$ cat coords_39.cif   # mmCIF, C-alpha atoms
data_protein
#
loop_
_atom_site.label_atom_id
_atom_site.label_comp_id
_atom_site.auth_asym_id
_atom_site.auth_seq_id
_atom_site.Cartn_x
_atom_site.Cartn_y
_atom_site.Cartn_z
CA MET K 1 68.15 70.66 144.14
CA PHE K 2 64.90 71.51 145.79
CA SER K 3 62.05 73.83 144.85
CA LEU K 4 61.19 76.85 146.94
CA MET K 5 57.76 77.02 145.35
CA SER K 6 54.91 75.86 147.51
CA ASP K 7 51.94 74.07 145.99
CA GLU K 8 49.94 77.27 146.44
CA ARG K 9 52.53 79.29 144.49
CA GLN K 10 52.53 76.73 141.71
CA GLU K 11 48.79 77.07 141.36
CA GLN K 12 49.29 80.76 140.73
CA MET K 13 51.22 79.91 137.56
CA ASN K 14 47.86 79.96 135.89
CA GLY K 15 48.49 80.59 132.31
CA PRO K 16 48.56 80.98 129.51
CA TYR K 17 47.58 77.38 128.99
CA ILE K 18 48.00 75.32 125.82
CA GLY K 19 45.21 76.18 123.38
CA GLN K 20 44.61 79.70 124.71
CA VAL K 21 44.30 82.40 122.04
CA ASP K 22 45.32 86.02 122.70
CA GLU K 23 44.33 88.82 120.35
CA VAL K 24 47.22 91.29 120.37
CA PRO K 25 47.38 94.68 118.61
CA LEU K 26 50.68 95.95 117.21
CA THR K 27 51.90 99.48 117.82
CA ASN K 28 54.64 101.71 116.42
CA ASP K 29 57.52 103.17 118.38
CA ASP K 30 55.44 106.27 119.22
CA GLY K 31 52.53 104.23 120.55
CA SER K 32 50.29 104.71 117.51
CA PRO K 33 48.55 101.61 116.07
CA LYS K 34 50.45 99.76 113.35
CA LEU K 35 48.36 99.72 110.16
CA ASP K 36 48.14 97.19 107.33
CA GLU K 37 48.15 98.10 103.62
CA ALA K 38 44.43 98.88 103.79
CA GLY K 39 44.97 101.29 106.65
CA LYS K 40 43.38 99.07 109.29
CA PRO K 41 45.03 98.48 112.69
CA ILE K 42 46.89 95.15 112.77
CA VAL K 43 45.69 92.71 115.43
CA ILE K 44 47.29 89.26 115.51
CA LYS K 45 45.95 86.07 117.10
CA LEU K 46 48.48 84.11 119.13
CA ARG K 47 47.53 80.49 119.85
CA VAL K 48 49.57 78.88 122.63
CA VAL K 49 51.09 75.55 121.53
CA ALA K 50 53.48 74.93 124.44
CA SER K 51 53.51 76.46 127.90
CA THR K 52 55.25 75.84 131.20
CA ALA K 53 51.76 76.14 132.72
CA GLY K 54 50.71 73.10 130.71
CA LYS K 55 47.12 72.31 129.88
CA PRO K 56 44.10 74.01 131.46
CA PRO K 57 43.08 72.47 134.79
CA GLU K 58 40.21 69.99 134.82
CA PRO K 59 36.96 71.69 135.87
CA GLU K 60 36.06 70.92 139.46
CA GLY K 61 32.70 69.32 139.96
CA PRO K 62 30.82 66.61 141.83
CA GLN K 63 32.31 63.15 141.49
CA GLN K 64 30.10 60.72 139.56
CA MET M 1 48.45 88.22 106.14
CA PRO M 2 51.29 86.44 104.28
CA ALA M 3 52.29 82.97 105.40
CA ALA M 4 55.43 82.54 107.45
CA ALA M 5 58.30 80.35 106.33
CA ASP M 6 58.15 76.80 107.63
CA GLY M 7 59.76 76.04 110.95
CA ALA M 8 59.78 77.16 114.55
CA VAL M 9 63.43 78.15 114.67
CA LEU M 10 64.65 81.72 114.84
CA GLY M 11 65.15 82.71 111.22
CA ASP M 12 65.80 85.68 108.99
CA ASN M 13 64.04 88.83 110.10
CA CYS M 14 63.23 87.45 113.56
CA GLN M 15 61.92 90.23 115.75
CA LEU M 16 61.80 91.18 119.43
CA HIS M 17 58.65 92.92 120.66
CA TYR M 18 57.73 94.22 124.09
CA SER M 19 54.66 95.46 125.94
CA ALA M 20 54.28 97.35 129.20
CA THR M 21 50.94 95.59 129.67
CA LEU M 22 51.37 92.21 131.33
CA GLY M 23 49.31 89.08 130.75
CA GLY M 24 49.79 88.52 127.03
CA ALA M 25 47.04 90.68 125.51
CA GLY M 26 48.80 94.06 125.60
CA ALA M 27 49.84 95.90 122.44
CA LEU M 28 53.26 94.82 121.18
CA THR M 29 55.90 97.30 119.98
CA GLU M 30 58.87 96.11 117.95
CA VAL M 31 62.35 96.85 119.24
CA PRO M 32 63.81 98.51 116.11
CA VAL M 33 67.04 96.60 115.39
CA VAL M 34 67.94 93.42 117.24
CA ILE M 35 70.64 90.93 116.30
CA ASP M 36 71.99 87.71 117.81
CA ASP M 37 68.67 86.83 119.44
CA ASN M 38 68.79 83.79 121.71
CA ILE M 39 66.17 81.77 123.55
CA ASN M 40 67.94 79.97 126.36
CA SER M 41 66.26 77.15 128.25
CA GLU M 42 67.82 74.76 130.70
CA ARG M 43 66.42 72.48 133.36
CA ARG M 44 68.19 72.76 136.70
CA SER M 45 69.62 69.46 137.84
CA ALA M 46 71.27 67.59 140.69
CA GLU M 47 73.48 64.55 140.38
CA SER M 48 72.26 61.30 141.87
CA ASN M 49 74.68 58.67 143.11
CA CYS M 50 72.79 56.13 145.20
CA ARG M 51 74.05 52.86 146.62
CA GLY M 52 73.82 50.20 143.95
CA ASP M 53 73.94 52.66 141.06
CA SER M 54 76.52 51.73 138.48
CA GLU M 55 76.70 55.27 137.10
CA ILE M 56 75.94 58.87 138.03
CA LYS M 57 72.55 60.09 136.90
CA GLU M 58 70.84 63.47 137.08
CA LEU M 59 67.57 64.60 138.62
CA LEU M 60 66.09 67.24 136.33
CA GLY M 61 63.97 70.03 137.77
CA LYS M 62 61.92 72.80 136.22
CA PRO M 63 63.21 74.72 133.19
CA LYS M 64 64.68 78.20 133.41
CA HIS M 65 64.08 80.35 130.36
CA SER M 66 65.78 83.56 129.32
CA ILE M 67 66.18 85.74 126.24
CA SER M 68 69.45 87.37 125.27
CA ALA M 69 70.01 89.71 122.37
CA ASN M 70 72.05 92.63 121.07
CA LEU M 71 70.11 95.84 120.44
CA LEU M 72 71.47 98.38 117.96
CA PHE M 73 70.67 102.08 118.33
CA LYS M 74 71.86 105.24 116.66
CA ARG M 75 74.21 107.32 118.78
CA GLY M 76 72.63 110.61 119.85
CA THR M 77 69.12 109.79 118.66
CA PRO M 78 68.37 106.29 119.95
CA GLY M 79 64.59 106.77 120.01
CA ALA M 80 61.74 106.09 122.40
CA THR M 81 62.25 102.33 122.65
CA PHE M 82 65.83 102.76 123.88
CA LEU M 83 64.64 105.04 126.69
CA THR M 84 61.74 102.73 127.60
CA LEU M 85 63.98 99.68 127.87
CA GLN M 86 66.76 101.54 129.67
CA ASN M 87 64.28 102.89 132.20
CA ALA M 88 62.82 99.40 132.64
CA TYR M 89 66.30 98.10 133.43
CA VAL M 90 67.13 100.91 135.85
CA ASN M 91 63.77 100.75 137.63
CA GLY M 92 63.44 96.95 137.60
CA THR M 93 60.17 97.11 135.67
CA VAL M 94 58.65 93.81 134.52
CA LEU M 95 57.78 93.84 130.81
CA HIS M 96 56.12 91.38 128.46
CA PHE M 97 58.46 90.20 125.67
CA ALA M 98 57.72 88.30 122.45
CA LEU M 99 60.53 86.91 120.29
CA THR M 100 59.37 85.77 116.86
CA SER M 101 60.89 83.44 114.28
CA GLY M 102 60.19 86.07 111.58
CA ALA M 103 57.80 88.94 110.85
CA ILE M 104 55.25 88.82 113.66
CA ALA M 105 52.17 89.45 111.50
CA ASP M 106 52.81 86.47 109.19
CA THR M 107 50.40 83.57 109.61
CA GLY M 108 52.10 80.52 111.09
CA GLN M 109 54.92 82.49 112.70
CA HIS M 110 56.25 81.04 115.97
CA VAL M 111 56.47 83.36 118.95
CA PHE M 112 58.24 82.77 122.27
CA ARG M 113 56.68 84.87 125.03
CA LEU M 114 58.20 85.60 128.41
CA GLU M 115 57.53 88.18 131.12
CA GLY M 116 60.45 89.40 133.14
CA GLN M 117 63.03 92.01 133.96
CA ILE M 118 66.11 93.03 132.03
CA LYS M 119 68.83 91.41 134.13
CA SER M 120 71.84 92.89 132.38
CA TRP M 121 72.38 95.99 130.26
CA ASN M 122 75.83 96.12 128.67
CA MET M 123 76.24 99.11 126.41
CA THR M 124 79.14 99.59 124.00
CA ARG M 125 79.74 101.84 121.04
CA GLY M 126 80.68 99.22 118.54
CA ASP M 127 81.08 101.12 115.32
CA ASN M 128 80.77 104.76 114.22
CA ASP M 129 77.22 105.90 115.03
CA THR M 130 76.01 102.54 116.30
CA VAL M 131 75.48 101.91 120.00
CA LYS M 132 75.19 98.23 120.88
CA VAL M 133 73.39 97.08 124.01
CA ALA M 134 73.63 93.44 125.06
CA ILE M 135 70.70 92.47 127.26
CA GLU M 136 69.48 89.42 129.11
CA ILE M 137 65.82 89.05 130.09
CA VAL M 138 64.79 86.62 132.80
CA PRO M 139 61.47 85.75 134.48
CA VAL M 140 61.23 87.07 138.03
CA ALA M 141 59.63 85.58 141.13
CA SER M 142 57.15 88.44 141.50
CA ASN M 143 55.45 87.52 138.21
CA SER M 144 53.41 84.35 137.58
CA TYR M 145 53.10 84.47 133.77
CA ALA M 146 54.15 81.12 132.30
CA SER M 147 56.71 81.31 129.46
CA ASN M 148 55.18 79.85 126.32
CA TRP M 149 55.44 79.24 122.59
CA SER M 150 52.59 80.47 120.42
CA VAL M 151 51.73 80.40 116.74
CA VAL M 152 50.20 83.32 114.81
CA SER M 153 46.83 82.11 113.47
CA ALA M 154 44.71 83.76 110.79
#
$ encode --input "coords_39.cif" --output "structure tokens"
Amino acid sequence: MFSLMSDERQEQMNGPYIGQVDEVPLTNDDGSPKLDEAGKPIVIKLRVVASTAGKPPEPEGPQQ
Amino acid sequence: MPAAADGAVLGDNCQLHYSATLGGAGALTEVPVVIDDNINSERRSAESNCRGDSEIKELLGKPKHSISANLLFKRGTPGATFLTLQNAYVNGTVLHFALTSGAIADTGQHVFRLEGQIKSWNMTRGDNDTVKVAIEIVPVASNSYASNWSVVSA
């Protein structure tokens, strides 16, 4: 088996990385916000624990 | 938010959500009734049989993920989600999907997220007023979102 993905294409697989947190609202079937018992829109936090993109890349900088 | 049951496996009340907004931060809408949810993941492989090897071994490549499930709708009045998903299949629209191990708003719930197209849409009328649609969702080459597992945090 060989991969058709070039190195450049692989670099475009840029997330989500492990540790990233997305804040995601929930909606009903008709597109209206889903509400909790207090009547507030529900927004959940999703923290990535495993990803095929792996960990965030090391920041590029001058070599010491 | 209540705490989720322990474990990352698909359990009672596991739910499938979708969003037309790609990237992972778009609003999620629950697909009303979904049964037989599956997360499928397999690494592609090739067999290796080199000179001197005493046995066949395999070279494992990157994983391929997919979601399969059976959607249940009411005959005649299937609702907006049915039309959205059917149109996405017909038009080849990429959607964001989230499959949870239980109720998505529970703290500690595990969520598998994947962006892709609905590859197959097999519709049958299984019983009385119920229409069953078996679907498979696969990542597509035009999209670079990495499939991932996430946990709902407080």
$ residues_around --input "coords_39.cif" --residues "M:Asn148" --least-positions-apart "6" --cutoff "10 Å" --atoms "all atoms listed in the file" --output "ChimeraX atom specification"
/K:15-18,48-54 /M:65,98,111-115
$ write_last_selection --input "coords_39.cif" --atoms "C-alpha atoms" --output "compact mmCIF listing (two decimals), in the frame of the given file"
# COMPACT_ATOMS: atom_id res chain seq x y z
CA GLY K 15 48.49 80.59 132.31
CA PRO K 16 48.56 80.98 129.51
CA TYR K 17 47.58 77.38 128.99
CA ILE K 18 48.00 75.32 125.82
CA VAL K 48 49.57 78.88 122.63
CA VAL K 49 51.09 75.55 121.53
CA ALA K 50 53.48 74.93 124.44
CA SER K 51 53.51 76.46 127.90
CA THR K 52 55.25 75.84 131.20
CA ALA K 53 51.76 76.14 132.72
CA GLY K 54 50.71 73.10 130.71
CA HIS M 65 64.08 80.35 130.36
CA ALA M 98 57.72 88.30 122.45
CA VAL M 111 56.47 83.36 118.95
CA PHE M 112 58.24 82.77 122.27
CA ARG M 113 56.68 84.87 125.03
CA LEU M 114 58.20 85.60 128.41
CA GLU M 115 57.53 88.18 131.12
$ resolve_selection --input "coords_39.cif" --expression "the PyMOL selection byres ((chain K) within 8 of (chain M))" --output "list in words"
Met1, Gln12, Met13, Asn14, Gly15, Pro16, Asp22, Glu23, Val24, Pro25, Leu26, Thr27, Asn28, Asp29, Asp30, Gly31, Ile42, Ile44, Lys45, Leu46, Arg47, Val48, Val49, Ala50, Ser51, Thr52 and Ala53 of chain K
$ resolve_selection --input "coords_39.cif" --expression "the PyMOL selection byres ((chain M and resi 102) around 7)" --output "PyMOL selection string"
chain M and resi 11-15+100-101+103-104+109
$ residues_around --input "coords_39.cif" --residues "stretch 87-93 of chain M" --least-positions-apart "5" --cutoff "12 Å" --atoms "all atoms listed in the file" --output "VMD selection string"
chain M and resid 18 to 22 80 to 82 115 to 122 133 135 to 140 142 to 143
$ atom_distance --input "coords_39.cif" --atom1 "atom CA of M:Asn40" --atom2 "atom CA of M:Arg75"
29.1 Å
$ atom_distance --input "coords_39.cif" --atom1 "atom CA of M:Ser66" --atom2 "atom CA of M:Asn38"
8.2 Å
$ resolve_selection --input "coords_39.cif" --expression "the PyMOL selection byres ((chain M and resi 129) around 6)" --output "number ranges by chain"
M: 74-75, 128, 130
$ atom_distance --input "coords_39.cif" --atom1 "atom CA of M:Leu85" --atom2 "atom CA of M:Asp36"
17.6 Å
$ closest_residue --input "coords_39.cif" --among "M:Val34, M:Ala5, M:Ile39, M:Leu16" --to "M:His96" --atoms "only C-alpha atoms"
M:Leu16
